[in-house]
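Data block for coords16.txt (compact mmCIF, C-alpha atoms):
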```
# COMPACT_ATOMS: atom_id res chain seq x y z
CA MET A 1 11.84 10.13 26.21
CA PRO A 2 11.01 7.22 23.87
CA GLN A 3 10.07 3.93 25.53
CA LEU A 4 12.61 2.17 23.32
CA PHE A 5 15.94 3.31 21.91
CA LEU A 6 19.46 2.03 21.31
CA GLU A 7 21.90 3.91 23.52
CA LYS A 8 25.29 2.34 22.69
CA LEU A 9 26.72 0.02 20.07
CA ASN A 10 30.09 -1.73 19.82
CA LEU A 11 31.15 -3.59 16.67
CA THR A 12 34.03 -6.02 16.23
CA TYR A 13 34.82 -7.54 12.81
CA PHE A 14 31.27 -6.87 11.66
CA LYS A 15 31.32 -6.46 7.88
CA ASN A 16 33.66 -3.53 7.13
CA TYR A 17 34.02 -2.51 10.81
CA GLU A 18 37.16 -3.87 12.45
CA GLU A 19 36.35 -2.15 15.72
CA ALA A 20 33.97 0.74 16.33
CA ARG A 21 32.03 2.31 19.20
CA PHE A 22 28.96 4.53 18.94
CA GLU A 23 26.67 6.46 21.27
CA PHE A 24 23.31 7.53 19.89
CA SER A 25 20.69 10.18 20.42
CA GLU A 26 17.30 8.88 21.52
CA CYS A 27 15.82 11.06 18.76
CA VAL A 28 17.35 11.45 15.25
CA ASN A 29 20.74 9.98 14.31
CA CYS A 30 22.11 10.99 10.91
CA VAL A 31 24.79 8.58 9.73
CA VAL A 32 26.80 10.38 7.05
CA GLY A 33 29.84 9.43 5.01
CA GLU A 34 30.99 8.54 1.53
CA ASN A 35 29.44 5.68 -0.39
CA GLY A 36 31.04 2.42 0.71
CA SER A 37 32.10 3.77 4.11
CA GLY A 38 29.74 1.49 6.05
CA LYS A 39 26.61 3.60 6.66
CA THR A 40 24.19 0.84 5.63
CA ASN A 41 26.27 -1.70 7.56
CA LEU A 42 25.77 0.34 10.73
CA LEU A 43 21.99 0.27 10.22
CA ASP A 44 22.22 -3.46 9.57
CA ALA A 45 24.05 -3.91 12.88
CA VAL A 46 21.16 -2.18 14.68
CA TYR A 47 18.67 -4.35 12.78
CA THR A 48 20.62 -7.54 13.57
CA LEU A 49 20.81 -6.69 17.26
CA ALA A 50 17.03 -6.15 17.35
CA LEU A 51 16.00 -9.18 15.27
CA SER A 52 18.99 -11.56 15.54
CA LYS A 53 19.46 -11.63 11.74
CA SER A 54 20.76 -9.33 9.01
CA ALA A 55 18.36 -7.32 6.88
CA PHE A 56 20.54 -7.75 3.81
CA GLN A 57 22.38 -11.09 4.11
CA THR A 58 20.66 -14.46 4.09
CA GLN A 59 23.78 -16.22 5.41
CA ASP A 60 25.07 -15.26 8.85
CA ALA A 61 28.67 -16.00 7.81
CA LEU A 62 28.57 -12.99 5.46
CA MET A 63 28.39 -10.69 8.50
CA VAL A 64 31.91 -11.72 9.56
CA GLN A 65 34.62 -9.45 8.16
CA HIS A 66 36.70 -11.05 5.44
CA GLU A 67 39.65 -12.98 6.90
CA ALA A 68 38.35 -12.57 10.49
CA ASN A 69 37.34 -15.62 12.54
CA PHE A 70 34.41 -14.08 14.38
CA MET A 71 32.17 -11.04 14.64
CA LEU A 72 30.57 -9.34 17.63
CA ILE A 73 27.72 -6.83 17.94
CA ASP A 74 27.16 -5.53 21.46
CA GLY A 75 24.61 -2.87 22.34
CA VAL A 76 22.60 -1.36 25.15
CA PHE A 77 18.91 -0.73 24.59
CA GLN A 78 16.85 1.46 26.87
CA LYS A 79 13.41 -0.09 27.14
CA ASP A 80 10.79 1.34 29.51
CA GLN A 81 13.62 3.18 31.28
CA LYS A 82 15.61 0.01 31.91
CA ALA A 83 18.96 -0.77 30.30
CA VAL A 84 19.21 -4.12 28.51
CA GLN A 85 22.51 -5.34 27.06
CA ILE A 86 22.15 -7.49 23.93
CA THR A 87 25.15 -9.30 22.46
CA CYS A 88 25.20 -11.13 19.14
CA SER A 89 28.32 -13.11 18.23
CA LEU A 90 29.30 -15.56 15.55
CA GLN A 91 32.40 -17.74 15.34
CA ARG A 92 33.12 -19.11 11.87
CA GLY A 93 31.83 -22.67 11.55
CA GLN A 94 29.70 -22.39 14.69
CA ARG A 95 26.15 -21.37 15.54
CA LYS A 96 25.24 -17.77 16.25
CA VAL A 97 25.02 -16.86 19.94
CA LEU A 98 22.62 -14.26 21.33
CA LEU A 99 22.81 -13.01 24.92
CA SER A 100 20.46 -10.81 26.92
CA ASP A 101 22.28 -9.21 29.87
CA LYS A 102 25.01 -11.84 29.32
CA LYS A 103 22.57 -14.77 29.57
CA PRO A 104 21.92 -16.95 26.50
CA TYR A 105 18.42 -17.37 25.14
CA GLU A 106 17.00 -20.88 25.26
CA ARG A 107 15.59 -20.18 21.78
CA LEU A 108 16.72 -17.40 19.44
CA SER A 109 13.06 -16.87 18.54
CA ASP A 110 12.36 -15.66 22.11
CA HIS A 111 14.27 -12.49 21.22
CA ILE A 112 11.95 -11.54 18.32
CA GLY A 113 9.48 -8.82 19.30
CA ARG A 114 11.39 -7.51 22.32
CA PHE A 115 13.04 -4.64 20.41
CA LEU A 116 10.79 -3.48 17.59
CA VAL A 117 12.40 -2.18 14.42
CA VAL A 118 11.17 -0.96 11.00
CA LEU A 119 13.53 -0.57 8.04
CA ILE A 120 12.87 1.55 4.93
CA ALA A 121 15.54 0.74 2.34
CA PRO A 122 16.20 1.49 -1.36
CA ASN A 123 15.44 -2.08 -2.44
CA ASP A 124 11.96 -2.11 -0.87
CA THR A 125 10.33 -1.81 -4.29
CA ASP A 126 11.59 -5.37 -4.90
CA LEU A 127 8.59 -6.36 -2.77
CA ILE A 128 6.40 -5.25 -5.67
CA ARG A 129 8.50 -6.61 -8.52
CA ASP A 130 9.85 -9.87 -7.11
CA GLY A 131 8.17 -13.17 -6.28
CA SER A 132 5.66 -14.15 -3.61
CA GLU A 133 8.39 -15.38 -1.23
CA ASP A 134 9.55 -11.80 -0.55
CA ARG A 135 6.03 -10.59 0.18
CA ARG A 136 5.36 -13.53 2.50
CA ARG A 137 8.65 -12.82 4.28
CA PHE A 138 7.62 -9.20 4.82
CA ILE A 139 4.16 -10.06 6.22
CA ASP A 140 5.62 -12.85 8.35
CA GLY A 141 8.31 -10.49 9.63
CA VAL A 142 5.73 -7.96 10.82
CA LEU A 143 3.54 -10.61 12.43
CA SER A 144 6.53 -12.31 14.07
CA GLN A 145 7.52 -9.10 15.82
CA LEU A 146 3.93 -8.64 16.99
CA GLU A 147 3.09 -12.16 18.16
CA GLN A 148 5.31 -14.90 19.58
CA PRO A 149 2.61 -17.58 19.00
CA TYR A 150 2.56 -16.69 15.30
CA LEU A 151 6.34 -16.97 15.07
CA GLN A 152 6.32 -20.34 16.84
CA ASP A 153 3.59 -21.60 14.48
CA LEU A 154 5.60 -20.42 11.48
CA LEU A 155 8.77 -22.14 12.72
CA GLN A 156 6.84 -25.33 13.42
CA TYR A 157 5.17 -25.27 9.99
CA ASN A 158 8.53 -24.80 8.24
CA ARG A 159 10.07 -27.68 10.24
CA ILE A 160 7.23 -30.06 9.36
CA LEU A 161 7.27 -28.92 5.73
CA ALA A 162 11.04 -29.54 5.44
CA GLN A 163 10.65 -33.01 7.00
CA ARG A 164 7.73 -33.93 4.72
CA ASN A 165 9.64 -32.76 1.64
CA SER A 166 12.67 -34.81 2.70
CA ILE A 167 10.52 -37.92 3.10
CA LEU A 168 8.85 -37.36 -0.28
CA LYS A 169 12.29 -37.23 -1.84
CA GLN A 170 13.39 -40.43 -0.06
CA PHE A 171 10.25 -42.23 -1.25
CA ALA A 172 11.03 -41.26 -4.86
CA GLU A 173 14.63 -42.47 -4.52
CA ARG A 174 13.59 -45.82 -2.98
CA ASN A 175 10.46 -46.30 -5.09
CA TYR A 176 8.49 -46.91 -1.90
CA THR A 177 5.71 -45.00 -0.09
CA ASP A 178 4.59 -45.17 3.55
CA HIS A 179 1.17 -43.50 3.60
CA GLU A 180 0.78 -43.78 7.37
CA LEU A 181 4.05 -41.90 7.84
CA LEU A 182 2.84 -39.16 5.48
CA ASP A 183 -0.45 -38.96 7.43
CA SER A 184 1.56 -38.20 10.58
CA TYR A 185 3.01 -35.13 8.87
CA ASP A 186 -0.11 -34.03 7.01
CA GLU A 187 -2.38 -33.56 10.03
CA PRO A 188 -0.14 -31.16 12.00
CA LEU A 189 0.79 -29.35 8.77
CA LEU A 190 -2.89 -28.72 8.05
CA MET A 191 -3.64 -27.69 11.64
CA VAL A 192 -0.73 -25.22 11.98
CA GLY A 193 -1.19 -23.97 8.41
CA THR A 194 -4.84 -23.14 9.11
CA ARG A 195 -3.86 -21.06 12.17
CA ILE A 196 -1.29 -19.13 10.12
CA PHE A 197 -3.81 -18.54 7.32
CA GLU A 198 -6.44 -17.17 9.73
CA ARG A 199 -3.93 -14.84 11.39
CA ARG A 200 -2.66 -13.51 8.07
CA LYS A 201 -6.25 -12.83 6.99
CA THR A 202 -7.12 -10.97 10.21
CA PHE A 203 -3.86 -9.02 10.10
CA LEU A 204 -4.59 -7.66 6.62
CA GLN A 205 -8.01 -6.39 7.70
CA ASN A 206 -6.24 -4.03 10.14
CA PHE A 207 -3.16 -3.39 8.02
CA VAL A 208 -4.59 -2.41 4.61
CA PRO A 209 -6.50 0.70 5.87
CA LEU A 210 -3.24 1.98 7.38
CA VAL A 211 -1.42 1.46 4.06
CA GLN A 212 -4.15 3.47 2.30
CA LYS A 213 -3.92 6.20 4.97
CA TYR A 214 -0.19 6.69 4.45
CA TYR A 215 -0.44 6.36 0.68
CA ASP A 216 -2.95 9.22 0.77
CA PHE A 217 -0.71 11.20 3.12
CA LEU A 218 2.24 10.90 0.77
CA GLY A 219 0.19 12.71 -1.83
CA GLU A 220 -1.15 9.88 -3.96
CA SER A 221 -4.76 10.06 -2.76
CA ARG A 222 -6.21 9.78 -6.25
CA GLU A 223 -5.75 6.00 -6.23
CA LYS A 224 -7.15 3.23 -4.06
CA VAL A 225 -4.49 0.74 -3.03
CA GLU A 226 -5.16 -2.78 -1.83
CA ILE A 227 -3.41 -5.95 -0.69
CA VAL A 228 -5.20 -9.00 -2.03
CA PHE A 229 -4.57 -12.15 -0.04
CA GLU A 230 -4.27 -15.14 -2.35
CA SER A 231 -4.32 -18.48 -0.51
CA GLU A 232 -5.39 -22.01 -1.33
CA LEU A 233 -6.62 -22.26 2.26
CA ALA A 234 -9.42 -19.81 1.45
CA ASN A 235 -11.09 -22.79 -0.25
CA ALA A 236 -13.50 -24.62 2.07
CA THR A 237 -12.35 -27.91 0.52
CA PHE A 238 -8.63 -27.23 1.04
CA ALA A 239 -7.98 -30.11 3.50
CA ASP A 240 -9.54 -32.65 1.12
CA ASP A 241 -7.76 -31.09 -1.87
CA PHE A 242 -4.45 -31.30 0.00
CA ARG A 243 -4.90 -35.00 0.72
CA ARG A 244 -5.91 -35.72 -2.87
CA GLN A 245 -2.73 -33.95 -4.01
CA ARG A 246 -0.51 -36.62 -2.42
CA PHE A 247 0.16 -38.49 -5.68
CA ARG A 248 1.31 -35.26 -7.32
CA ASP A 249 3.48 -34.45 -4.28
CA LEU A 250 5.14 -37.85 -4.58
CA GLN A 251 5.89 -37.18 -8.24
CA ALA A 252 7.14 -33.63 -7.58
CA GLN A 253 9.09 -34.77 -4.46
CA ARG A 254 7.81 -31.72 -2.57
CA THR A 255 4.65 -30.34 -0.96
CA THR A 256 2.78 -28.53 -3.71
CA MET A 257 -0.07 -26.97 -1.66
CA GLY A 258 -0.20 -24.96 1.55
CA ILE A 259 0.39 -21.59 3.16
CA HIS A 260 3.98 -21.63 1.85
CA LYS A 261 2.36 -20.86 -1.53
CA ASP A 262 0.38 -17.83 -0.27
CA ASP A 263 0.80 -14.50 -2.03
CA PHE A 264 -0.15 -10.92 -1.25
CA GLY A 265 -1.07 -9.05 -4.41
CA PHE A 266 -0.30 -5.33 -4.33
CA GLU A 267 -2.96 -3.53 -6.37
CA MET A 268 -3.87 0.02 -7.37
CA ASN A 269 -7.42 0.70 -8.53
CA GLY A 270 -7.92 -3.05 -8.95
CA ALA A 271 -4.88 -3.56 -11.22
CA PRO A 272 -1.44 -5.01 -10.34
CA LEU A 273 0.84 -2.26 -9.05
CA ARG A 274 3.79 -4.10 -10.57
CA LYS A 275 2.44 -3.66 -14.10
CA PHE A 276 0.46 -0.44 -13.96
CA GLY A 277 1.99 1.64 -11.16
CA SER A 278 4.46 4.39 -12.03
CA GLN A 279 7.84 4.46 -10.30
CA GLY A 280 6.55 7.22 -8.02
CA GLN A 281 3.39 5.31 -7.15
CA GLN A 282 5.41 2.19 -6.36
CA LYS A 283 7.76 4.17 -4.10
CA SER A 284 4.81 5.76 -2.32
CA PHE A 285 3.25 2.34 -1.81
CA VAL A 286 6.31 0.71 -0.23
CA VAL A 287 6.92 3.71 2.06
CA ALA A 288 3.22 3.56 3.03
CA LEU A 289 3.67 -0.17 3.67
CA LYS A 290 6.52 0.45 6.11
CA LEU A 291 4.80 3.39 7.83
CA ALA A 292 1.70 1.22 8.27
CA GLN A 293 3.97 -1.43 9.81
CA PHE A 294 5.29 1.21 12.23
CA ASP A 295 1.75 2.35 13.11
CA LEU A 296 0.43 -1.14 13.72
CA MET A 297 3.40 -2.14 15.88
CA HIS A 298 3.06 1.05 17.90
CA ALA A 299 -0.67 0.47 18.41
CA GLU A 300 -0.42 -3.23 19.35
CA LYS A 301 2.75 -3.06 21.47
CA ASN A 302 2.32 0.48 22.86
CA THR A 303 5.95 1.11 21.91
CA LYS A 304 7.34 3.09 18.98
CA PRO A 305 9.71 0.88 16.96
CA ILE A 306 13.20 2.08 16.11
CA LEU A 307 13.00 3.46 12.56
CA LEU A 308 15.89 2.83 10.13
CA LEU A 309 15.89 4.99 6.99
CA ASP A 310 18.58 3.89 4.55
CA ASP A 311 19.53 6.35 1.82
CA ILE A 312 15.96 7.61 1.45
CA PHE A 313 16.89 11.18 0.47
CA ASP A 314 18.50 9.81 -2.69
CA LYS A 315 15.57 7.56 -3.56
CA LEU A 316 12.53 9.74 -2.79
CA ASP A 317 11.47 12.98 -4.46
CA ASP A 318 11.22 16.28 -2.57
CA ARG A 319 7.48 15.98 -1.89
CA ARG A 320 7.73 12.56 -0.23
CA ILE A 321 10.82 13.62 1.73
CA GLN A 322 8.95 16.64 3.08
CA LYS A 323 6.05 14.42 4.10
CA LEU A 324 8.41 12.16 6.07
CA ILE A 325 10.03 15.16 7.74
CA GLU A 326 6.55 16.45 8.59
CA LEU A 327 5.89 13.18 10.43
CA MET A 328 9.22 13.54 12.28
CA ASP A 329 8.28 17.06 13.31
CA MET A 330 4.87 15.90 14.55
CA GLY A 331 6.60 13.48 16.94
CA THR A 332 5.19 10.45 15.14
CA PHE A 333 8.40 8.45 15.51
CA GLY A 334 10.69 7.49 18.36
CA GLN A 335 14.38 6.91 17.70
CA ILE A 336 15.43 7.32 14.07
CA PHE A 337 18.58 6.31 12.21
CA LEU A 338 19.04 7.68 8.70
CA THR A 339 21.94 7.48 6.27
CA ASP A 340 23.06 10.03 3.68
CA ALA A 341 26.19 10.48 1.58
CA ARG A 342 25.61 14.25 1.51
CA PRO A 343 25.64 15.70 5.04
CA GLU A 344 24.93 19.23 3.84
CA ARG A 345 21.64 18.04 2.32
CA THR A 346 20.57 16.31 5.54
CA THR A 347 21.53 19.36 7.59
CA GLN A 348 19.38 21.57 5.40
CA LEU A 349 16.40 19.19 5.28
CA LEU A 350 16.35 18.70 9.06
CA SER A 351 17.23 22.29 10.01
CA ASN A 352 13.69 23.10 11.17
CA VAL A 353 12.88 19.79 12.87
CA GLN A 354 11.99 20.47 16.50
CA THR A 355 13.89 17.53 17.97
CA GLU A 356 17.48 16.59 18.73
CA VAL A 357 19.51 15.64 15.65
CA ARG A 358 22.92 14.00 16.09
CA PHE A 359 25.36 13.56 13.19
CA LEU A 360 27.66 10.55 13.09
CA LYS A 361 30.34 10.75 10.43
CA ILE A 362 31.59 7.39 9.19
CA GLU A 363 35.09 7.44 7.72
CA THR A 364 35.99 4.86 5.08
CA GLY A 365 37.51 1.87 6.83
CA ASP A 366 35.80 2.48 10.18
```
Exercise: express the given structure as C-alpha cells:
Amino acid sequence: MPQLFLEKLNLTYFKNYEEARFEFSECVNCVVGENGSGKTNLLDAVYTLALSKSAFQTQDALMVQHEANFMLIDGVFQKDQKAVQITCSLQRGQRKVLLSDKKPYERLSDHIGRFLVVLIAPNDTDLIRDGSEDRRRFIDGVLSQLEQPYLQDLLQYNRILAQRNSILKQFAERNYTDHELLDSYDEPLLMVGTRIFERRKTFLQNFVPLVQKYYDFLGESREKVEIVFESELANATFADDFRRQRFRDLQAQRTTMGIHKDDFGFEMNGAPLRKFGSQGQQKSFVVALKLAQFDLMHAEKNTKPILLLDDIFDKLDDRRIQKLIELMDMGTFGQIFLTDARPERTTQLLSNVQTEVRFLKIETGD
C-alpha cells in the first residue's frame, strides 16, 4: 500500500462539475471521457487539494463554476495509514479557505509539502520555450514542497520586494527619496535573497544528475543535458552592485537586481534546448524533469508523490509511452491519475501492467 494516496473526492461547483463524487484506487486511476468532459479539471482538483492552488489558473476565482457563488473541493487522503480530510472552499469575493480535518490552517503555506504531487501535462514544453518566470516557478514549486523554510523565505522575499517596488513608485510620483527607508528594505532583501540563491544552487547539484538519468532512460542517451543556473548573486560583489543600482531602481520604479531575475537555462550538449532541441528531445527533457522531481521528492520525503499524467498518450510517441509504462510496472510510482480521450487505447497500453487499474468514465456535464 502506498504511504500516500487520495481515497475520496467530492466536488461542488468546481469548474465544469456541478456536483460529483469519486472513489479512487490507490494504484492507477484512468480518467476517460470525451474532450471537454472535465478530465483535466478532475486532475486539477486533485492538484488544488494537495497544493491549495490550481495548476492551470492563476486566479482562484476561475475555479468557481460560471454563475455559481462558491466552489468546494473535499477529499480524504490516506497518509501513513491515517485518513486526513482536506477541504478547499472559495466564496466569490472572499478569501480561499483551507481546512485540515475541519480545522483551518493559520497559514495556507503550512499545507504545502504535506501531500506531495507531481504533474506531467501537455503544456510542460512551455518551460523550455517561455520566459524565466515559468522556470523559476517550477524550481520554486519543487523546493517549496520539499522545504517549509524555503517556502517561507520565498514568501518573505516576495513581500519585501513588493513593498520596495511600491515605495520606489511613490518616490517617483512625489519626486522625493528617503534613503534610510530604502536601507530598511534592502538589508533583509539581500539576506533572504542570499539564502534562496544558495538553496537553489545546492538543489540543482542533486537534481541535474536525475534529469540526465531519466533523459537517458527515455532513449535519448546520445546527448548530455544540463540546467545552467544564471544568477546575479553568483557575483561576489552582488551586495555592493545592488546598492549601487539604487539610482537606476528609482528611475525604473522597480527593483532591477535580485533572485527574482534568476534563470535556469535548459541546455543540450552545451547549446540552448529551446533553439537546437528537436520536438522529441524537448518532450523527453520535460518528462525527465518531472520524473526527476518525483525521484527527488521520494528520496527526501520518503514518500512517493501522487503522479498526475494529463493526456500524455496523445502527446508522447510510442517509445516514450512504453518507457513510462515500464516504470509503472516496476513499481516506481505510488498512486497515479492519468487522462485519455480514448479508453480502448489506455486499456490496451495498460493490459499487462501488474497493478490495479481503475477506469473512471467522465460524462460531459459531470
key: Point-to-point distance from CA of Leu204 in chain A to CA of Glu133 in chain A, Å rounded to tenths   =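 Those two atoms sit 17.0 Å apart.
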ask   = Hey, which of A:Asn69, A:Gln148, A:Ser351, A:Thr256 ends up closest to Gly93 in chain A? Count all atoms listed in the file.
value = A:Asn69
message = With all atoms listed in the file as the counted atoms, please give the residues lying no more than 9 Å from range 5-22 of chain A, apart from itself and same-chain residues fewer than 3 positions off, as a PyMOL selection string.
response = chain A and resi 2+25-27+37-38+41-42+45-46+62-66+68-79+83+115+305-306+334-336+360+364-366
message = Taking all atoms listed in the file into account, name the residue in A:Arg107, A:Lys169, A:Arg137, A:Arg114 that is nearest to Gln251 in chain A.
response = A:Lys169
message = For range 225-236 of chain A, find every residue with an atom within 7 Å (counting only C-alpha atoms), except residues of its own chain fewer than 3 positions away, and show them as a VMD selection string.
response = chain A and resid 197 208 212 258 to 259 262 to 269
key: Å distance separating CA of Thr303 in chain A from CA of Gln3 in chain A, one decimal place   = 6.2 Å
May I have the protein, DNA and RNA residues with any atom at most 12 Å from the point (6.6, 9.2, 9.8), counting only C-alpha atoms, written as a compact mmCIF listing (two decimals) with C-alpha atoms, in the coordinates of the input?
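out-v2.txt written:
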```txt
# COMPACT_ATOMS: atom_id res chain seq x y z
CA VAL A 118 11.17 -0.96 11.00
CA ILE A 120 12.87 1.55 4.93
CA LYS A 213 -3.92 6.20 4.97
CA TYR A 214 -0.19 6.69 4.45
CA TYR A 215 -0.44 6.36 0.68
CA PHE A 217 -0.71 11.20 3.12
CA LEU A 218 2.24 10.90 0.77
CA VAL A 287 6.92 3.71 2.06
CA ALA A 288 3.22 3.56 3.03
CA LEU A 289 3.67 -0.17 3.67
CA LYS A 290 6.52 0.45 6.11
CA LEU A 291 4.80 3.39 7.83
CA ALA A 292 1.70 1.22 8.27
CA GLN A 293 3.97 -1.43 9.81
CA PHE A 294 5.29 1.21 12.23
CA ASP A 295 1.75 2.35 13.11
CA LYS A 304 7.34 3.09 18.98
CA PRO A 305 9.71 0.88 16.96
CA ILE A 306 13.20 2.08 16.11
CA LEU A 307 13.00 3.46 12.56
CA LEU A 308 15.89 2.83 10.13
CA LEU A 309 15.89 4.99 6.99
CA ARG A 320 7.73 12.56 -0.23
CA ILE A 321 10.82 13.62 1.73
CA GLN A 322 8.95 16.64 3.08
CA LYS A 323 6.05 14.42 4.10
CA LEU A 324 8.41 12.16 6.07
CA ILE A 325 10.03 15.16 7.74
CA GLU A 326 6.55 16.45 8.59
CA LEU A 327 5.89 13.18 10.43
CA MET A 328 9.22 13.54 12.28
CA ASP A 329 8.28 17.06 13.31
CA MET A 330 4.87 15.90 14.55
CA GLY A 331 6.60 13.48 16.94
CA THR A 332 5.19 10.45 15.14
CA PHE A 333 8.40 8.45 15.51
CA GLY A 334 10.69 7.49 18.36
CA GLN A 335 14.38 6.91 17.70
CA ILE A 336 15.43 7.32 14.07
```
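Closest to Asn123 in chain A among A:Gln163, A:Gln282, A:Gln91, A:Asn158 is A:Gln282, based on only C-alpha atoms.
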I want to know what sits within 8 Å of range 198-203 of chain A, based on only C-alpha atoms, with residues of the same chain fewer than 3 positions away left out; could you give that as an mmCIF file with C-alpha atoms, in the frame of the given file?
```cif
data_model
loop_
_atom_site.group_PDB
_atom_site.id
_atom_site.type_symbol
_atom_site.label_atom_id
_atom_site.label_comp_id
_atom_site.auth_asym_id
_atom_site.auth_seq_id
_atom_site.Cartn_x
_atom_site.Cartn_y
_atom_site.Cartn_z
ATOM 1 C CA ILE A 139 4.160 -10.060 6.220
ATOM 2 C CA LEU A 143 3.540 -10.610 12.430
ATOM 3 C CA TYR A 150 2.560 -16.690 15.300
ATOM 4 C CA THR A 194 -4.840 -23.140 9.110
ATOM 5 C CA ARG A 195 -3.860 -21.060 12.170
ATOM 6 C CA ASN A 206 -6.240 -4.030 10.140
ATOM 7 C CA PHE A 207 -3.160 -3.390 8.020
ATOM 8 C CA PHE A 229 -4.570 -12.150 -0.040
#
```
request  = Pick out the residues sitting within 12 Å of Gln253 in chain A, and hand them over as a PyMOL selection string; count all atoms listed in the file, and ignore anything fewer than 4 positions along from it in its own chain.
outcome  = chain A and resi 161-173+175+177+245-249
ask   = Neighbours of Gly280 in chain A within 9 Å (all atoms listed in the file; same-chain residues fewer than 4 positions away dropped), as an MDAnalysis selection string?
value = chainID A and resid 284:285 316:317
query = Hey, can you check how far CA of Asp126 in chain A sits from CA of Arg274 in chain A?
reply = 9.7 Å
